[in-house]
$ cat target_30.txt   # compact mmCIF, N, CA and C atoms
# COMPACT_ATOMS: atom_id res chain seq x y z
N MET A 1 12.19 45.38 -26.61
CA MET A 1 12.57 46.32 -25.56
C MET A 1 11.85 45.92 -24.28
N ASN A 2 12.57 45.85 -23.16
CA ASN A 2 11.93 45.44 -21.91
C ASN A 2 11.26 46.62 -21.21
N ALA A 3 10.52 46.31 -20.16
CA ALA A 3 9.72 47.33 -19.47
C ALA A 3 10.56 48.44 -18.87
N VAL A 4 11.72 48.11 -18.31
CA VAL A 4 12.56 49.15 -17.71
C VAL A 4 13.09 50.09 -18.78
N ALA A 5 13.52 49.54 -19.92
CA ALA A 5 14.00 50.39 -21.01
C ALA A 5 12.89 51.29 -21.53
N LEU A 6 11.68 50.76 -21.63
CA LEU A 6 10.55 51.58 -22.05
C LEU A 6 10.27 52.69 -21.06
N ALA A 7 10.36 52.37 -19.78
CA ALA A 7 10.12 53.39 -18.75
C ALA A 7 11.17 54.49 -18.83
N LYS A 8 12.41 54.11 -19.09
CA LYS A 8 13.48 55.10 -19.17
C LYS A 8 13.30 56.04 -20.35
N THR A 9 12.65 55.58 -21.42
CA THR A 9 12.46 56.42 -22.59
C THR A 9 11.07 57.03 -22.67
N ALA A 10 10.17 56.62 -21.79
CA ALA A 10 8.79 57.09 -21.87
C ALA A 10 8.66 58.60 -21.74
N TYR A 11 9.48 59.19 -20.89
CA TYR A 11 9.42 60.63 -20.69
C TYR A 11 10.77 61.28 -20.96
N ASN A 12 11.44 60.83 -22.00
CA ASN A 12 12.76 61.40 -22.29
C ASN A 12 12.62 62.86 -22.72
N THR A 13 13.73 63.53 -22.83
CA THR A 13 13.70 64.97 -23.08
C THR A 13 13.19 65.31 -24.47
N SER A 14 13.16 64.35 -25.40
CA SER A 14 12.62 64.66 -26.72
C SER A 14 11.10 64.63 -26.73
N SER A 15 10.50 64.19 -25.65
CA SER A 15 9.04 64.12 -25.55
C SER A 15 8.56 65.32 -24.73
N ARG A 16 8.28 66.40 -25.37
CA ARG A 16 7.91 67.62 -24.65
C ARG A 16 6.40 67.85 -24.57
N ALA A 17 5.59 67.03 -25.23
CA ALA A 17 4.14 67.22 -25.19
C ALA A 17 3.62 66.82 -23.81
N PRO A 18 2.95 67.73 -23.08
CA PRO A 18 2.51 67.42 -21.72
C PRO A 18 1.24 66.58 -21.70
N LEU A 19 1.06 65.80 -20.64
CA LEU A 19 -0.21 65.16 -20.38
C LEU A 19 -1.15 66.23 -19.86
N ARG A 20 -2.35 65.88 -19.56
CA ARG A 20 -3.32 66.88 -19.11
C ARG A 20 -2.94 67.50 -17.77
N THR A 21 -2.22 66.78 -16.96
CA THR A 21 -1.78 67.32 -15.68
C THR A 21 -0.35 67.81 -15.83
N SER A 22 0.09 68.62 -14.91
CA SER A 22 1.46 69.11 -14.97
C SER A 22 2.43 67.99 -14.64
N ARG A 23 3.65 68.11 -15.12
CA ARG A 23 4.68 67.10 -14.83
C ARG A 23 4.99 67.05 -13.33
N GLY A 24 4.89 68.18 -12.68
CA GLY A 24 5.12 68.20 -11.24
C GLY A 24 4.09 67.37 -10.49
N THR A 25 2.85 67.45 -10.89
CA THR A 25 1.79 66.64 -10.28
C THR A 25 2.03 65.17 -10.57
N GLU A 26 2.41 64.86 -11.79
CA GLU A 26 2.71 63.47 -12.15
C GLU A 26 3.88 62.96 -11.32
N TYR A 27 4.92 63.77 -11.21
CA TYR A 27 6.09 63.38 -10.44
C TYR A 27 5.69 63.07 -8.99
N ASP A 28 4.91 63.96 -8.39
CA ASP A 28 4.49 63.77 -7.01
C ASP A 28 3.68 62.49 -6.84
N ALA A 29 2.81 62.19 -7.78
CA ALA A 29 2.01 60.97 -7.71
C ALA A 29 2.91 59.75 -7.79
N PHE A 30 3.86 59.77 -8.72
CA PHE A 30 4.80 58.65 -8.82
C PHE A 30 5.66 58.53 -7.57
N ALA A 31 6.11 59.65 -7.04
CA ALA A 31 6.95 59.62 -5.84
C ALA A 31 6.20 59.00 -4.66
N GLN A 32 4.96 59.41 -4.48
CA GLN A 32 4.17 58.89 -3.37
C GLN A 32 3.95 57.38 -3.51
N VAL A 33 3.53 56.95 -4.69
CA VAL A 33 3.26 55.53 -4.91
C VAL A 33 4.54 54.70 -4.83
N THR A 34 5.62 55.22 -5.37
CA THR A 34 6.89 54.49 -5.35
C THR A 34 7.42 54.35 -3.94
N HIS A 35 7.27 55.39 -3.15
CA HIS A 35 7.66 55.32 -1.73
C HIS A 35 6.83 54.26 -1.00
N GLN A 36 5.55 54.24 -1.29
CA GLN A 36 4.66 53.26 -0.67
C GLN A 36 5.07 51.83 -1.08
N LEU A 37 5.42 51.63 -2.35
CA LEU A 37 5.89 50.32 -2.81
C LEU A 37 7.17 49.92 -2.08
N GLY A 38 8.08 50.87 -1.91
CA GLY A 38 9.33 50.59 -1.23
C GLY A 38 9.12 50.15 0.21
N ARG A 39 8.25 50.85 0.90
CA ARG A 39 7.95 50.47 2.29
C ARG A 39 7.28 49.10 2.35
N ALA A 40 6.44 48.81 1.37
CA ALA A 40 5.66 47.57 1.37
C ALA A 40 6.51 46.33 1.13
N GLN A 41 7.71 46.52 0.59
CA GLN A 41 8.58 45.37 0.33
C GLN A 41 8.87 44.57 1.59
N THR A 42 8.96 45.26 2.71
CA THR A 42 9.30 44.58 3.97
C THR A 42 8.12 44.53 4.93
N ALA A 43 6.96 44.95 4.48
CA ALA A 43 5.77 44.96 5.34
C ALA A 43 4.96 43.69 5.09
N GLY A 44 3.82 43.63 5.69
CA GLY A 44 2.94 42.48 5.54
C GLY A 44 2.19 42.49 4.21
N PHE A 45 1.46 41.41 3.99
CA PHE A 45 0.73 41.23 2.74
C PHE A 45 -0.28 42.35 2.50
N ALA A 46 -0.98 42.77 3.53
CA ALA A 46 -2.00 43.81 3.36
C ALA A 46 -1.39 45.11 2.87
N ASP A 47 -0.25 45.49 3.42
CA ASP A 47 0.43 46.72 2.98
C ASP A 47 0.93 46.58 1.54
N LEU A 48 1.45 45.40 1.21
CA LEU A 48 1.91 45.16 -0.15
C LEU A 48 0.75 45.25 -1.13
N ALA A 49 -0.36 44.61 -0.79
CA ALA A 49 -1.54 44.64 -1.67
C ALA A 49 -2.05 46.07 -1.85
N ALA A 50 -2.05 46.85 -0.78
CA ALA A 50 -2.51 48.24 -0.87
C ALA A 50 -1.58 49.07 -1.75
N ALA A 51 -0.28 48.88 -1.60
CA ALA A 51 0.68 49.63 -2.41
C ALA A 51 0.57 49.24 -3.88
N LEU A 52 0.42 47.96 -4.15
CA LEU A 52 0.26 47.52 -5.54
C LEU A 52 -1.02 48.07 -6.14
N HIS A 53 -2.07 48.11 -5.34
CA HIS A 53 -3.35 48.67 -5.81
C HIS A 53 -3.19 50.15 -6.20
N GLU A 54 -2.53 50.91 -5.35
CA GLU A 54 -2.32 52.34 -5.65
C GLU A 54 -1.47 52.52 -6.91
N ASN A 55 -0.45 51.68 -7.06
CA ASN A 55 0.40 51.77 -8.25
C ASN A 55 -0.41 51.43 -9.51
N ARG A 56 -1.23 50.40 -9.42
CA ARG A 56 -2.08 50.04 -10.57
C ARG A 56 -3.08 51.14 -10.87
N ARG A 57 -3.62 51.78 -9.86
CA ARG A 57 -4.55 52.90 -10.08
C ARG A 57 -3.86 54.02 -10.87
N LEU A 58 -2.63 54.34 -10.46
CA LEU A 58 -1.88 55.40 -11.15
C LEU A 58 -1.67 55.02 -12.61
N TRP A 59 -1.19 53.81 -12.85
CA TRP A 59 -0.93 53.38 -14.22
C TRP A 59 -2.22 53.25 -15.03
N THR A 60 -3.32 52.87 -14.40
CA THR A 60 -4.60 52.80 -15.10
C THR A 60 -5.05 54.19 -15.54
N LEU A 61 -4.86 55.18 -14.67
CA LEU A 61 -5.19 56.56 -15.04
C LEU A 61 -4.34 57.03 -16.22
N LEU A 62 -3.05 56.70 -16.19
CA LEU A 62 -2.19 57.07 -17.31
C LEU A 62 -2.62 56.38 -18.60
N ALA A 63 -2.95 55.09 -18.50
CA ALA A 63 -3.39 54.34 -19.68
C ALA A 63 -4.67 54.94 -20.25
N ALA A 64 -5.60 55.29 -19.38
CA ALA A 64 -6.85 55.90 -19.85
C ALA A 64 -6.58 57.24 -20.51
N ASP A 65 -5.65 58.00 -19.96
CA ASP A 65 -5.32 59.31 -20.52
C ASP A 65 -4.72 59.17 -21.91
N VAL A 66 -3.77 58.27 -22.08
CA VAL A 66 -3.13 58.13 -23.39
C VAL A 66 -4.03 57.45 -24.40
N ALA A 67 -5.08 56.77 -23.94
CA ALA A 67 -6.01 56.12 -24.86
C ALA A 67 -7.04 57.10 -25.42
N GLU A 68 -7.15 58.27 -24.81
CA GLU A 68 -8.10 59.28 -25.27
C GLU A 68 -7.75 59.75 -26.68
N VAL A 69 -8.75 59.95 -27.50
CA VAL A 69 -8.56 60.40 -28.88
C VAL A 69 -7.83 61.74 -28.92
N GLY A 70 -8.14 62.65 -28.04
CA GLY A 70 -7.56 63.99 -28.06
C GLY A 70 -6.20 64.11 -27.38
N ASN A 71 -5.64 63.02 -26.91
CA ASN A 71 -4.35 63.10 -26.23
C ASN A 71 -3.29 63.57 -27.22
N GLY A 72 -2.52 64.57 -26.83
CA GLY A 72 -1.56 65.20 -27.73
C GLY A 72 -0.18 64.56 -27.77
N LEU A 73 0.05 63.53 -27.00
CA LEU A 73 1.36 62.88 -27.02
C LEU A 73 1.57 62.13 -28.35
N PRO A 74 2.81 62.00 -28.75
CA PRO A 74 3.10 61.22 -29.96
C PRO A 74 2.62 59.77 -29.79
N ASP A 75 2.20 59.16 -30.88
CA ASP A 75 1.66 57.80 -30.82
C ASP A 75 2.62 56.81 -30.19
N ASP A 76 3.92 56.93 -30.51
CA ASP A 76 4.90 56.00 -29.96
C ASP A 76 4.97 56.11 -28.44
N LEU A 77 4.96 57.31 -27.92
CA LEU A 77 5.01 57.52 -26.48
C LEU A 77 3.73 57.01 -25.82
N ARG A 78 2.61 57.27 -26.46
CA ARG A 78 1.33 56.77 -25.93
C ARG A 78 1.34 55.25 -25.84
N ALA A 79 1.87 54.61 -26.87
CA ALA A 79 1.93 53.15 -26.88
C ALA A 79 2.85 52.63 -25.79
N ARG A 80 3.97 53.29 -25.57
CA ARG A 80 4.91 52.84 -24.53
C ARG A 80 4.29 52.98 -23.14
N ILE A 81 3.61 54.08 -22.90
CA ILE A 81 2.95 54.28 -21.60
C ILE A 81 1.85 53.24 -21.40
N PHE A 82 1.08 52.98 -22.45
CA PHE A 82 0.02 51.98 -22.35
C PHE A 82 0.60 50.60 -22.08
N TYR A 83 1.69 50.26 -22.75
CA TYR A 83 2.34 48.97 -22.51
C TYR A 83 2.81 48.87 -21.05
N LEU A 84 3.40 49.92 -20.54
CA LEU A 84 3.88 49.89 -19.16
C LEU A 84 2.72 49.71 -18.17
N ALA A 85 1.57 50.29 -18.49
CA ALA A 85 0.39 50.11 -17.64
C ALA A 85 -0.03 48.64 -17.64
N GLU A 86 -0.02 48.02 -18.82
CA GLU A 86 -0.37 46.60 -18.91
C GLU A 86 0.66 45.74 -18.17
N PHE A 87 1.93 46.06 -18.35
CA PHE A 87 2.99 45.31 -17.67
C PHE A 87 2.83 45.42 -16.16
N THR A 88 2.54 46.63 -15.68
CA THR A 88 2.37 46.86 -14.25
C THR A 88 1.24 46.02 -13.69
N ALA A 89 0.12 45.97 -14.37
CA ALA A 89 -1.01 45.16 -13.91
C ALA A 89 -0.64 43.68 -13.86
N ASP A 90 -0.01 43.20 -14.91
CA ASP A 90 0.38 41.79 -14.98
C ASP A 90 1.41 41.45 -13.90
N HIS A 91 2.42 42.30 -13.78
CA HIS A 91 3.48 42.03 -12.81
C HIS A 91 2.95 42.12 -11.38
N SER A 92 2.02 43.02 -11.14
CA SER A 92 1.43 43.13 -9.80
C SER A 92 0.73 41.85 -9.40
N ARG A 93 0.01 41.23 -10.33
CA ARG A 93 -0.63 39.95 -10.05
C ARG A 93 0.41 38.90 -9.66
N LYS A 94 1.54 38.90 -10.36
CA LYS A 94 2.60 37.95 -10.06
C LYS A 94 3.23 38.21 -8.70
N VAL A 95 3.37 39.48 -8.34
CA VAL A 95 3.91 39.82 -7.01
C VAL A 95 2.96 39.32 -5.93
N LEU A 96 1.67 39.55 -6.11
CA LEU A 96 0.69 39.12 -5.11
C LEU A 96 0.65 37.60 -4.95
N SER A 97 0.94 36.88 -6.02
CA SER A 97 0.93 35.41 -5.94
C SER A 97 2.27 34.85 -5.50
N GLY A 98 3.25 35.73 -5.27
CA GLY A 98 4.55 35.29 -4.79
C GLY A 98 5.51 34.85 -5.88
N GLU A 99 5.13 35.02 -7.14
CA GLU A 99 5.97 34.60 -8.26
C GLU A 99 7.07 35.61 -8.58
N GLU A 100 6.85 36.88 -8.28
CA GLU A 100 7.79 37.94 -8.63
C GLU A 100 7.98 38.88 -7.45
N GLU A 101 8.98 39.76 -7.59
CA GLU A 101 9.29 40.76 -6.58
C GLU A 101 8.75 42.12 -7.03
N VAL A 102 8.56 43.02 -6.10
CA VAL A 102 8.03 44.35 -6.39
C VAL A 102 9.11 45.28 -6.96
N SER A 103 10.37 44.91 -6.85
CA SER A 103 11.47 45.81 -7.21
C SER A 103 11.41 46.33 -8.64
N ILE A 104 10.97 45.53 -9.60
CA ILE A 104 10.91 46.00 -10.99
C ILE A 104 9.90 47.13 -11.14
N LEU A 105 8.82 47.08 -10.38
CA LEU A 105 7.82 48.16 -10.43
C LEU A 105 8.41 49.45 -9.88
N ILE A 106 9.21 49.32 -8.83
CA ILE A 106 9.89 50.49 -8.26
C ILE A 106 10.87 51.06 -9.29
N GLU A 107 11.61 50.19 -9.98
CA GLU A 107 12.56 50.64 -11.01
C GLU A 107 11.85 51.38 -12.14
N ILE A 108 10.73 50.85 -12.58
CA ILE A 108 9.97 51.50 -13.67
C ILE A 108 9.51 52.87 -13.22
N ASN A 109 8.89 52.94 -12.05
CA ASN A 109 8.40 54.23 -11.55
C ASN A 109 9.54 55.23 -11.37
N THR A 110 10.67 54.76 -10.86
CA THR A 110 11.82 55.64 -10.65
C THR A 110 12.35 56.17 -11.98
N ALA A 111 12.38 55.33 -12.99
CA ALA A 111 12.82 55.77 -14.32
C ALA A 111 11.88 56.83 -14.88
N VAL A 112 10.59 56.64 -14.70
CA VAL A 112 9.62 57.64 -15.15
C VAL A 112 9.82 58.94 -14.38
N MET A 113 10.04 58.84 -13.07
CA MET A 113 10.27 60.03 -12.25
C MET A 113 11.51 60.78 -12.73
N ARG A 114 12.57 60.05 -13.08
CA ARG A 114 13.77 60.71 -13.60
C ARG A 114 13.45 61.49 -14.88
N GLY A 115 12.68 60.86 -15.74
CA GLY A 115 12.28 61.54 -16.97
C GLY A 115 11.45 62.78 -16.71
N LEU A 116 10.54 62.68 -15.76
CA LEU A 116 9.73 63.85 -15.41
C LEU A 116 10.59 64.95 -14.80
N ARG A 117 11.56 64.58 -13.99
CA ARG A 117 12.45 65.55 -13.36
C ARG A 117 13.32 66.24 -14.40
N GLN A 118 13.78 65.49 -15.42
CA GLN A 118 14.63 66.06 -16.48
C GLN A 118 13.91 67.15 -17.26
N SER A 119 12.60 67.09 -17.28
CA SER A 119 11.86 68.10 -18.03
C SER A 119 11.97 69.47 -17.41
N GLY A 120 12.37 69.53 -16.14
CA GLY A 120 12.51 70.81 -15.47
C GLY A 120 11.22 71.34 -14.90
N GLU A 121 10.11 70.65 -15.15
CA GLU A 121 8.82 71.12 -14.66
C GLU A 121 8.37 70.42 -13.40
N ALA A 122 9.11 69.41 -12.95
CA ALA A 122 8.68 68.63 -11.80
C ALA A 122 9.17 69.20 -10.48
N THR A 123 9.81 70.32 -10.51
CA THR A 123 10.33 70.89 -9.27
C THR A 123 9.35 71.80 -8.60

$ encode --input "target_30.txt" --output "structure tokens"
Amino acid sequence: MNAVALAKTAYNTSSRAPLRTSRGTEYDAFAQVTHQLGRAQTAGFADLAAALHENRRLWTLLAADVAEVGNGLPDDLRARIFYLAEFTADHSRKVLSGEEEVSILIEINTAVMRGLRQSGEAT
């Protein structure tokens, strides 16, 4: 399963166990970072690096949260979120070196945002 498919299923409607923060807060964080990534696509290197850094920070926080022993999410969902965090870090390095484009990171974040919105709690 590729990263986009994992992102699309990471917060599907069958996954109702909440993270420690509300889905609305998570949605807002993803929206802000994703918007920053979108703007950075046509900006200079410094803006791109800053946007990638913020995106990696968000995914690192999620990875740390799902790695906690007391996290109540199902193991499969925790593993998918952790994988996406690893993918994001790896892909960000490739974007910074000019090997890849930022668009896949925007797609992943957008898919997660859709999942958070479907829960009805992100409004």

$ atom_distance --input "target_30.txt" --atom1 "atom C of His53 of chain A" --atom2 "atom N of Thr88 of chain A"
11.6 Å

$ closest_atom_pairs --input "target_30.txt" --of "segment 12-78 of chain A" --to "segment 98-121 of chain A" --cutoff "6 Å" --atoms "only N, CA and C atoms" --output "JSON lines"
{"residue": "A:Asn12", "atom": "N", "partner": "A:Gly115", "partner_atom": "CA", "distance": 5.1}
{"residue": "A:Arg23", "atom": "C", "partner": "A:Glu121", "partner_atom": "C", "distance": 4.8}
{"residue": "A:Gly24", "atom": "N", "partner": "A:Glu121", "partner_atom": "C", "distance": 4.2}
{"residue": "A:Tyr27", "atom": "CA", "partner": "A:Met113", "partner_atom": "CA", "distance": 5.7}
{"residue": "A:Thr34", "atom": "CA", "partner": "A:Ile106", "partner_atom": "CA", "distance": 5.8}

$ closest_residue --input "target_30.txt" --among "A:Ala50, A:Ala31, A:Val66, A:Ala43" --to "Ile81 of chain A" --atoms "only N, CA and C atoms"
A:Val66

$ atom_distance --input "target_30.txt" --atom1 "atom CA of Leu96 of chain A" --atom2 "atom CA of Leu61 of chain A"
20.9 Å

$ atom_distance --input "target_30.txt" --atom1 "atom C of Ala63 of chain A" --atom2 "atom CA of Gly38 of chain A"
24.0 Å

$ select_by_dssp --input "target_30.txt" --residues "segment 43-105 of chain A" --states "helix (DSSP H, G or I)" --output "VMD selection string"
chain A and resid 45 to 67 75 to 96 103 to 105

$ residues_around --input "target_30.txt" --residues "Arg78 of chain A" --least-positions-apart "6" --cutoff "8 Å" --atoms "all atoms listed in the file" --output "PyMOL selection string"
chain A and resi 10+63+65-67+72+84

$ residues_around --input "target_30.txt" --residues "Ala40 of chain A" --least-positions-apart "5" --cutoff "8 Å" --atoms "only N, CA and C atoms" --output "PyMOL selection string"
chain A and resi 34-35+45-49+51-52+102
